[in-house]
Amino acid sequence: MSSEPPAENGGEPPSTATFRSLKEFRSAGRGFWADVAESDWNDWHWQLKNRITSLERLQRLMPTLTPEEIAGTQLANKKLAMAITPYFFNLIDAAVEHCPIRRQVIPRIEETHTASWEMSDPCGEDSHSPVPGLVHRYPDRVLFLVTDRCAAYCRYCTRSRLVSNASGYDFHPEFDRQIDYIRQHPEIRDVLLSGGDPLLFNDERLENLLSRLRAIPHVEFLRIGTRIPIFLPQRITPELCAMLKQFHPLFLSIHTNHPRELTTEVRAALGRLADAGIPLGNQSVLLKHVNDDAEVMKALTHKLLMCRVKPYYIYQCDLIAGSAHLRASVRKGIEIMQALRGHTTGYAVPQFVIDAPGGGGKVPVNPEYVLSHNADRVVIRNFEGKIFEYIEAAGSPPIYKPSENFPVPEWV
Ligand code: SF4
């Protein structure tokens with residue numbers, strides 16, 4: 001029998017205990033808002049009305065703000081506004097400067113430091129915009145920007161030039177022109193609504209827009225990109241879900257970066273969407289001191305699957321002006337992919353991509369698994385580093401083409 005005293009965590013190695021803790025679903029709780037009526041707290045309008053948007057209020061709630069955060073918040077309304085829902089604020093650990101939730105929504109003075117290679121429109125969206133608010137970058141699909149408002153503002157937002165309108169972009173989408181363009185381009189089969197956050201619209205307005213898009217015969221597939229289930233799960237009402245399910249096939253891409261964002265409230269909201277038959281995917285941005293760690297990313301992807309959400313993309317953070325303090329290295333992203341692929345369920349492994357700066361589109365980035373490839377053989381490496389050889393198929397297979405004189409069979 002061991003004479004060692006039992007460890008406080010029941011004898012688990014610390015990394016296992018941390019991983020288990022990251023995977024737990026907890027409520028965000030009520031924090032400073034314990035006295036607010038339940039009906040108000042669960043009302044998305046109340047949450048929006050009571051967002052933290054000023055330095056004075058933030059300092060009252062969080063006396064541990066650092067000088068960098070105070071200076072950043074003072075300047076935020078000139079670049080990208082600050083807004084944090086009370087619900088999401090409760091996830092911040094005020095005692096930890098580099099709390100992964102805090103870093104995503106509280107401005108820092110480093111946002112004003114820009115390098116010559118950083119851009120205000122790193123994905124070149126404005127140069128691929130045939131009408132205001134519509135980006136036609138890829139042949140068969142368009143990005144349809146519906147609003148410049150979000151429930152809260154992410155400090156690394158790739159569209160920070162326009163969201164919140166703090167820097168005077170003056171975004172005015174014209175739905176009639178956007179819809180006309182789609183109607184006149186039969187090659188567009190996929191429309192992604194984004195912004196800003198489309199789920200900030202009320203049900204009637206969103207239903208009207210989705211109905212108009214669904215009425216275009218060549219639009220096969222609709223998508224909504226949203227961070228509302230994470231910032232404001234109260235918005236995912238049964239009425240919203242019932243309205244959305246009229247427009248299938250309709251997919252939803254959520255955006256979450258750290259496992260602590262997946263609370264019991266978020267799990268319930270995502271469950272309502274999944275029960276409405278809406279396929280759910282997640283996009284994460286690789287961020288320094290937030291999720292640039294294989295265990296954190298693995299816990300996030302496991303929790304997403306438990307919420308019926310497929311981890312879809314991990315984005316290398318775009319070269320957005322003032323984001324250097326939040327950008328993790330591409331090398332770190334590859335290391336994380338290496339730690340996921342083969343080491344956990346394939347469904348839990350997203351695709352790591354870099355959006356090629358200036359508008360080149362998404363480029364997948366993977367660890368090297370193909371070591372060499374010639375006409376006869378492919379040499380590959382598996383997730384354990386073992387080397388294998390695969391003999392190439394001989395010649396090209398014949399391509400099937402139906403004969404023009406294909407006899408019509410007689411029905412019997
Ligand atoms: S929710 Fe999306 S659009 Fe809004 S600030 Fe965050 S990343 Fe940008």
# chains A, B, ... in the order shown; residues from 1 in each chain; ligands from 1
call {"tool": "residues_near_ligand", "arguments": {"ligand": "ligand 1", "cutoff": "6 Å", "atoms": "only C-alpha atoms and all ligand atoms", "output": "JSON, numbers by chain"}}
result
{"A": [150, 153, 154, 157, 159, 195, 196, 227]}
call {"tool": "residues_around", "arguments": {"residues": "Val105 in chain A", "least_positions_apart": "6", "cutoff": "10 Å", "atoms": "only C-alpha atoms", "output": "list in words"}}
result
Ala81, Met82, Ala83, Ile84, Phe88, Phe89, Ile92, Ala152, Tyr153, Cys154, Arg155 and Tyr156 of chain A
call {"tool": "closest_atom_pairs", "arguments": {"of": "range 15-99 of chain A", "to": "range 308-322 of chain A", "cutoff": "12 Å", "atoms": "only C-alpha atoms", "output": "JSON lines"}}
result
{"residue": "A:Gly72", "atom": "CA", "partner": "A:Gly322", "partner_atom": "CA", "distance": 11.1}
{"residue": "A:Ala76", "atom": "CA", "partner": "A:Gly322", "partner_atom": "CA", "distance": 11.7}
{"residue": "A:Lys79", "atom": "CA", "partner": "A:Gly322", "partner_atom": "CA", "distance": 9.9}
{"residue": "A:Leu80", "atom": "CA", "partner": "A:Gly322", "partner_atom": "CA", "distance": 10.8}
call {"tool": "residues_around", "arguments": {"residues": "Val96 in chain A", "least_positions_apart": "6", "cutoff": "12 Å", "atoms": "only C-alpha atoms", "output": "ChimeraX atom specification"}}
result
/A:62,64-66,102-103,289
call {"tool": "residues_around", "arguments": {"residues": "Glu220 in chain A", "least_positions_apart": "4", "cutoff": "9 Å", "atoms": "only C-alpha atoms", "output": "list in words"}}
result
Ile188, Arg189, Asp190, Val191, Arg214, Ile216 and Pro249 of chain A
call {"tool": "write_last_selection", "arguments": {"atoms": "C-alpha atoms", "output": "PDB file, in the first residue's frame"}}
result
ATOM      1  CA  ILE A 188     -25.527  31.045 -57.032  1.00  0.00           C
ATOM      2  CA  ARG A 189     -26.821  27.977 -55.222  1.00  0.00           C
ATOM      3  CA  ASP A 190     -25.713  28.803 -51.668  1.00  0.00           C
ATOM      4  CA  VAL A 191     -26.392  31.986 -49.674  1.00  0.00           C
ATOM      5  CA  ARG A 214     -36.206  30.650 -50.573  1.00  0.00           C
ATOM      6  CA  ILE A 216     -35.458  31.994 -55.779  1.00  0.00           C
ATOM      7  CA  PRO A 249     -32.162  23.014 -46.027  1.00  0.00           C
TER       8      PRO A 249
END
call {"tool": "closest_residue", "arguments": {"among": "A:Leu232, A:Pro86, A:Lys23, A:Ala269", "to": "Val36 in chain A", "atoms": "only C-alpha atoms"}}
result
A:Pro86
